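Novice: After the structure tokens below, expect a handful of questions from me.
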Amino acid sequence: MVQKSLQFVSVEKAMPVKRQAAERTRDFREIFGEFERARAEAQAGRCSQCGIPFCQIHCPLHNNIPDWLQLTAQGRIEEAYEVASATNNMPEVCGRICPQDRLCEGNCVIEKGFDSVTIGSVEKYITETAFRSGWVKPPKPPRELASSVGIIGAGPAGLAAAEQLRRRGHRIEVYDRYDRVGGLLVYGIPNFKLEKTVVARRHEILAAGDIRFHLNTEIGRDIGLADLRERHDALLVATGVYKARDMSCPGIGLGNIVAALDYLTASNRKGLGDAVPAFDSGALDAEGKHVVVVGGGDTAMDCVRTAVRQGAKSVRCLYRRDRKNMPGSQREVQHAEEEGVEFVWLSAPVAFLGDAAVRAVRAHRMHLGVADSTGRQVPQPLEGSHFELPCDLAITALGFDPEDVPALFGAPELAVTRWGTLAIDFRTMMTSLEGVFAAGDIVRGASLVVWGIRDGRDAAEQMHLYLKGKAALSEEQAEAAE
Ligand SMILES: Cc1cc2nc3c(=O)[nH]c(=O)nc-3n(C[C@H](O)[C@H](O)[C@H](O)COP(=O)(O)OP(=O)(O)OC[C@H]3O[C@@H](n4cnc5c(N)ncnc54)[C@H](O)[C@@H]3O)c2cc1C
Ligand code: SF4
């Protein structure tokens, strides 16, 4: 077989076609197209097949990237898909929305002077080809087992665990309080990063593999944790983190100051064709408004770019650190700037001004002082640096904390960490309750889809071992009783 690698010296880095800002801000569709076959092969062939693949090391799933790049370069796409999907339950999602600049691509060693291999786009190409070609199959176990597993939360962590455990033969039931499967993939992340049909397609594949979904079912309200423990041999809690971090400053109670996830959920639901009275009334619609988003993470980036698409008069993002020190992906900032968002770096709000509803934000400039114990420079206000920005919709995007899961589940004995995340034994991924495991953001704190998938897979492995042990024990007990 011809070795088609090391082409980076002659083939330049290329991304799939990115729609021009003026065109893409008129709708909510994804901004990137897909590689055609020849381009995917050429781009995959830029990989240097280096001895120590740092891309793989820095991918949380340790995807075997050099192998699937080489297979793609050789035109062996079905085999590339087999390799890519062996370690990742949603390569079509990760290829689209992983912050590759911080993970695999950011650690590609040809980066120095040659620009990294476009790993995410090739991953997306491989998986989309697999879906079109019918290579993506529902999980079908070699044999059915008697054990039953309940999974609370149909986000990336819960879905990855569900698929892995189903492949082993366990009977799987997934419970979610939302009416659709996908968690934040559906109600947090906007279409221009990830279209909802991509998530719905995964749901169909899993359902076709006999994974049962109970939607509109909130654990703690509709069913208690104790009842679920009775019903299943093991449980996984993968409920994510949803408590928006508050701001406290004068005027925060004024009208038209909204939390980021409420705003994004309304927009996503509208896109899905749901009735959204708070959007229709204008409360969660940025059209014709001066919008100020406070925060510098991925959620803030999604809010500013959503506001642009809704037809806001102006969109500004206030962030207390500078560009280099923001938590969001640099690529997202670039997309937002192209779309007309103004970033007001090193600035923080001190008050929201207005009578009933907000009409302006008063902010002050910051500078970065000495680093604290986490190693990050602490932003400090500059005396006398106040300024005002017009604002008739303010969106706060300061991150998320866990809800009080033990209280919500009516299970005070469920141990939490000092951050409110679920405490687990990191070797077994079991919580303080026997047979109850946990994974994803509810353990890690607000993180990334790829980490959710990784945690879901790890938890599935541990749960399988636990269930095997339990089954062996009951067999022994049955034999002893004979
Ligand atoms: C706006 C936004 C943009 C983001 N952008 C990116 C990005 O570009 N790239 C990236 O990698 N990551 C991104 N993330 C982070 C990513 O979405 C999360 O890290 C990931 O979804 C976590 O997966 P999870 O399965 O742990 O939780 P979730 O996706 O939150 O899923 C948890 C599920 O549990 C359900 N649930 C909660 N409580 C209950 C209950 N009591 N009973 C029943 N069901 C319950 C919820 O309804 C939900 O469906 C973004 C996050 C946000 C908020
Ligand atoms: S899963 Fe994410 S980090 Fe891993 S190879 Fe794919 S895009 Fe890169």
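Each chain of the structure tokens is named A, B, ... in the order shown, its residues numbered from 1; ligands are numbered from 1 in display order.
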Can you tell me, as a PyMOL selection string, what residues are no more than 9 Å from range 250-258 of chain A when counting only C-alpha atoms, ignoring any on the same chain fewer than 2 positions away?

Specialist: chain A and resi 247-248+260-263+283-284+350-358+392-396

Novice: Tell me which protein, DNA and RNA residues are within 12 Å of Glu218 in chain A, counting only C-alpha atoms, leaving out same-chain ones fewer than 3 positions away, and put them as a ChimeraX atom specification.

Specialist: /A:151-154,174-179,214-215,221-225,228,239,405,408-409

Novice: For the selection you just gave me, I'd like the residues written to a file as an mmCIF file, in the first residue's frame, keeping N, CA, C and O atoms.

Specialist:
```
data_model
loop_
_atom_site.group_PDB
_atom_site.id
_atom_site.type_symbol
_atom_site.label_atom_id
_atom_site.label_comp_id
_atom_site.auth_asym_id
_atom_site.auth_seq_id
_atom_site.Cartn_x
_atom_site.Cartn_y
_atom_site.Cartn_z
ATOM 1 N N ILE A 151 -29.727 4.943 33.442
ATOM 2 C CA ILE A 151 -28.812 6.077 33.242
ATOM 3 C C ILE A 151 -29.629 7.356 33.365
ATOM 4 O O ILE A 151 -30.632 7.526 32.653
ATOM 5 N N ILE A 152 -29.201 8.236 34.277
ATOM 6 C CA ILE A 152 -29.939 9.490 34.467
ATOM 7 C C ILE A 152 -29.191 10.586 33.721
ATOM 8 O O ILE A 152 -28.085 10.976 34.114
ATOM 9 N N GLY A 153 -29.758 11.059 32.633
ATOM 10 C CA GLY A 153 -29.128 12.115 31.842
ATOM 11 C C GLY A 153 -28.748 11.604 30.464
ATOM 12 O O GLY A 153 -27.950 10.664 30.340
ATOM 13 N N ALA A 154 -29.332 12.229 29.429
ATOM 14 C CA ALA A 154 -29.068 11.806 28.044
ATOM 15 C C ALA A 154 -28.149 12.784 27.338
ATOM 16 O O ALA A 154 -28.326 13.092 26.161
ATOM 17 N N VAL A 174 -32.575 4.928 29.697
ATOM 18 C CA VAL A 174 -32.037 6.275 29.936
ATOM 19 C C VAL A 174 -33.197 7.198 30.300
ATOM 20 O O VAL A 174 -34.221 7.212 29.605
ATOM 21 N N TYR A 175 -32.999 7.966 31.370
ATOM 22 C CA TYR A 175 -34.043 8.899 31.833
ATOM 23 C C TYR A 175 -33.549 10.324 31.645
ATOM 24 O O TYR A 175 -32.396 10.629 31.972
ATOM 25 N N ASP A 176 -34.405 11.197 31.125
ATOM 26 C CA ASP A 176 -33.998 12.605 31.020
ATOM 27 C C ASP A 176 -35.197 13.520 31.245
ATOM 28 O O ASP A 176 -36.304 13.243 30.791
ATOM 29 N N ARG A 177 -34.910 14.629 31.920
ATOM 30 C CA ARG A 177 -36.015 15.566 32.200
ATOM 31 C C ARG A 177 -36.399 16.367 30.961
ATOM 32 O O ARG A 177 -37.495 16.929 30.906
ATOM 33 N N TYR A 178 -35.493 16.452 29.988
ATOM 34 C CA TYR A 178 -35.836 17.160 28.751
ATOM 35 C C TYR A 178 -36.720 16.277 27.861
ATOM 36 O O TYR A 178 -36.795 15.066 28.044
ATOM 37 N N ASP A 179 -37.254 16.931 26.834
ATOM 38 C CA ASP A 179 -38.110 16.208 25.890
ATOM 39 C C ASP A 179 -37.332 15.675 24.696
ATOM 40 O O ASP A 179 -37.902 15.046 23.808
ATOM 41 N N HIS A 214 -36.612 7.308 28.406
ATOM 42 C CA HIS A 214 -37.794 7.841 29.091
ATOM 43 C C HIS A 214 -37.589 9.351 29.168
ATOM 44 O O HIS A 214 -36.849 9.839 30.039
ATOM 45 N N LEU A 215 -38.189 10.078 28.249
ATOM 46 C CA LEU A 215 -37.995 11.539 28.240
ATOM 47 C C LEU A 215 -39.060 12.204 29.113
ATOM 48 O O LEU A 215 -39.972 11.541 29.600
ATOM 49 N N ARG A 221 -38.331 14.222 40.887
ATOM 50 C CA ARG A 221 -39.702 14.750 40.803
ATOM 51 C C ARG A 221 -40.667 13.641 40.354
ATOM 52 O O ARG A 221 -41.629 13.343 41.034
ATOM 53 N N ASP A 222 -40.356 13.014 39.227
ATOM 54 C CA ASP A 222 -41.265 11.994 38.685
ATOM 55 C C ASP A 222 -40.963 10.594 39.235
ATOM 56 O O ASP A 222 -41.870 9.781 39.368
ATOM 57 N N ILE A 223 -39.700 10.321 39.478
ATOM 58 C CA ILE A 223 -39.307 9.037 40.084
ATOM 59 C C ILE A 223 -38.205 9.342 41.105
ATOM 60 O O ILE A 223 -37.325 10.168 40.813
ATOM 61 N N GLY A 224 -38.242 8.693 42.220
ATOM 62 C CA GLY A 224 -37.200 8.905 43.228
ATOM 63 C C GLY A 224 -35.970 8.045 42.933
ATOM 64 O O GLY A 224 -36.072 7.026 42.230
ATOM 65 N N LEU A 225 -34.838 8.464 43.456
ATOM 66 C CA LEU A 225 -33.610 7.695 43.241
ATOM 67 C C LEU A 225 -33.748 6.291 43.844
ATOM 68 O O LEU A 225 -33.312 5.304 43.252
ATOM 69 N N LEU A 228 -35.521 4.010 41.536
ATOM 70 C CA LEU A 228 -34.662 3.610 40.407
ATOM 71 C C LEU A 228 -33.652 2.559 40.838
ATOM 72 O O LEU A 228 -33.336 1.646 40.081
ATOM 73 N N THR A 239 -25.932 13.959 35.066
ATOM 74 C CA THR A 239 -26.955 15.005 34.964
ATOM 75 C C THR A 239 -26.401 16.387 34.599
ATOM 76 O O THR A 239 -27.172 17.346 34.498
ATOM 77 N N VAL A 405 -27.712 18.067 43.962
ATOM 78 C CA VAL A 405 -28.235 16.767 43.509
ATOM 79 C C VAL A 405 -28.770 15.921 44.675
ATOM 80 O O VAL A 405 -29.871 15.359 44.568
ATOM 81 N N LEU A 408 -32.144 17.296 45.381
ATOM 82 C CA LEU A 408 -33.075 17.054 44.267
ATOM 83 C C LEU A 408 -33.501 15.595 44.190
ATOM 84 O O LEU A 408 -34.648 15.290 43.874
ATOM 85 N N PHE A 409 -32.567 14.705 44.485
ATOM 86 C CA PHE A 409 -32.859 13.268 44.398
ATOM 87 C C PHE A 409 -33.463 12.721 45.705
ATOM 88 O O PHE A 409 -33.789 11.547 45.786
#
```

Novice: What residues of the protein or nucleic acid chains come within 7 Å of ligand 1 when you use only C-alpha atoms and all ligand atoms? Reply as an MDAnalysis selection string.

Specialist: chainID A and resid 94 97:99 152:158 175:178 181:185 188:189 217:220 238:241 261 264 298:299 302 408:409 439:442 446:450 452

Novice: From the DSSP assignment of the backbone, select every residue of range 222-441 of chain A that is strand (DSSP E), and format the answer as a ChimeraX atom specification.

Specialist: /A:234-237,243-244,257-259,290-294,314-318,342-344,347-354,358-371,377-381,387-390,393-396,400-401,436-438

Novice: When you look at Ala471 in chain A with a cut-off of 12 Å (counting only C-alpha atoms), what residues show up, excluding the ones that are within fewer than 3 positions of it in the same chain? I need them as a list of chain:residue names.

Specialist: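 Listed by chain and then number, they are A:Leu145, A:Ala146, A:Ser147, A:Ser148, A:His170, A:Asp233, A:Ala234, A:His464, A:Leu465, A:Tyr466, A:Leu467, A:Lys468, A:Ser474, A:Glu475, A:Glu476, A:Gln477, A:Ala478.
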
Novice: Using N, CA, C and O atoms, can you write the selected residues to a file as a compact mmCIF listing (two decimals), in the first residue's frame?

Specialist:
```
# COMPACT_ATOMS: atom_id res chain seq x y z
N LEU A 145 -27.54 -9.97 28.29
CA LEU A 145 -27.32 -10.29 29.71
C LEU A 145 -28.60 -9.94 30.48
O LEU A 145 -29.43 -9.17 29.98
N ALA A 146 -28.68 -10.46 31.68
CA ALA A 146 -29.91 -10.24 32.46
C ALA A 146 -29.90 -8.89 33.17
O ALA A 146 -30.94 -8.37 33.57
N SER A 147 -28.72 -8.31 33.33
CA SER A 147 -28.62 -7.11 34.18
C SER A 147 -29.22 -5.88 33.52
O SER A 147 -29.12 -5.69 32.32
N SER A 148 -29.79 -5.03 34.36
CA SER A 148 -30.47 -3.83 33.87
C SER A 148 -29.78 -2.60 34.45
O SER A 148 -29.50 -2.52 35.64
N HIS A 170 -25.88 -5.45 28.32
CA HIS A 170 -26.77 -5.06 29.42
C HIS A 170 -28.03 -4.41 28.86
O HIS A 170 -28.00 -3.82 27.78
N ASP A 233 -30.04 -2.81 38.32
CA ASP A 233 -28.90 -3.42 39.04
C ASP A 233 -27.78 -2.41 39.28
O ASP A 233 -26.94 -2.60 40.15
N ALA A 234 -27.72 -1.39 38.43
CA ALA A 234 -26.74 -0.31 38.64
C ALA A 234 -27.29 0.95 38.00
O ALA A 234 -28.10 0.90 37.06
N HIS A 464 -19.61 -2.29 34.13
CA HIS A 464 -19.63 -3.66 33.60
C HIS A 464 -18.91 -4.61 34.57
O HIS A 464 -19.41 -5.70 34.88
N LEU A 465 -17.75 -4.18 35.08
CA LEU A 465 -17.02 -5.02 36.03
C LEU A 465 -17.85 -5.26 37.28
O LEU A 465 -17.93 -6.38 37.80
N TYR A 466 -18.49 -4.19 37.74
CA TYR A 466 -19.33 -4.29 38.94
C TYR A 466 -20.46 -5.29 38.72
O TYR A 466 -20.73 -6.16 39.55
N LEU A 467 -21.11 -5.18 37.56
CA LEU A 467 -22.26 -6.04 37.27
C LEU A 467 -21.83 -7.50 37.09
O LEU A 467 -22.53 -8.42 37.49
N LYS A 468 -20.65 -7.68 36.50
CA LYS A 468 -20.13 -9.03 36.34
C LYS A 468 -19.89 -9.67 37.71
O LYS A 468 -20.26 -10.82 37.96
N SER A 474 -24.20 -13.74 42.75
CA SER A 474 -25.53 -14.34 42.92
C SER A 474 -25.55 -15.77 42.38
O SER A 474 -26.29 -16.62 42.91
N GLU A 475 -24.73 -16.06 41.36
CA GLU A 475 -24.64 -17.46 40.89
C GLU A 475 -24.11 -18.36 42.00
O GLU A 475 -24.63 -19.44 42.28
N GLU A 476 -23.03 -17.85 42.63
CA GLU A 476 -22.41 -18.62 43.73
C GLU A 476 -23.42 -18.87 44.84
O GLU A 476 -23.55 -19.98 45.37
N GLN A 477 -24.17 -17.80 45.19
CA GLN A 477 -25.15 -17.93 46.27
C GLN A 477 -26.23 -18.94 45.90
O GLN A 477 -26.66 -19.73 46.73
N ALA A 478 -26.65 -18.90 44.62
CA ALA A 478 -27.70 -19.83 44.18
C ALA A 478 -27.19 -21.27 44.28
O ALA A 478 -27.90 -22.17 44.73
```
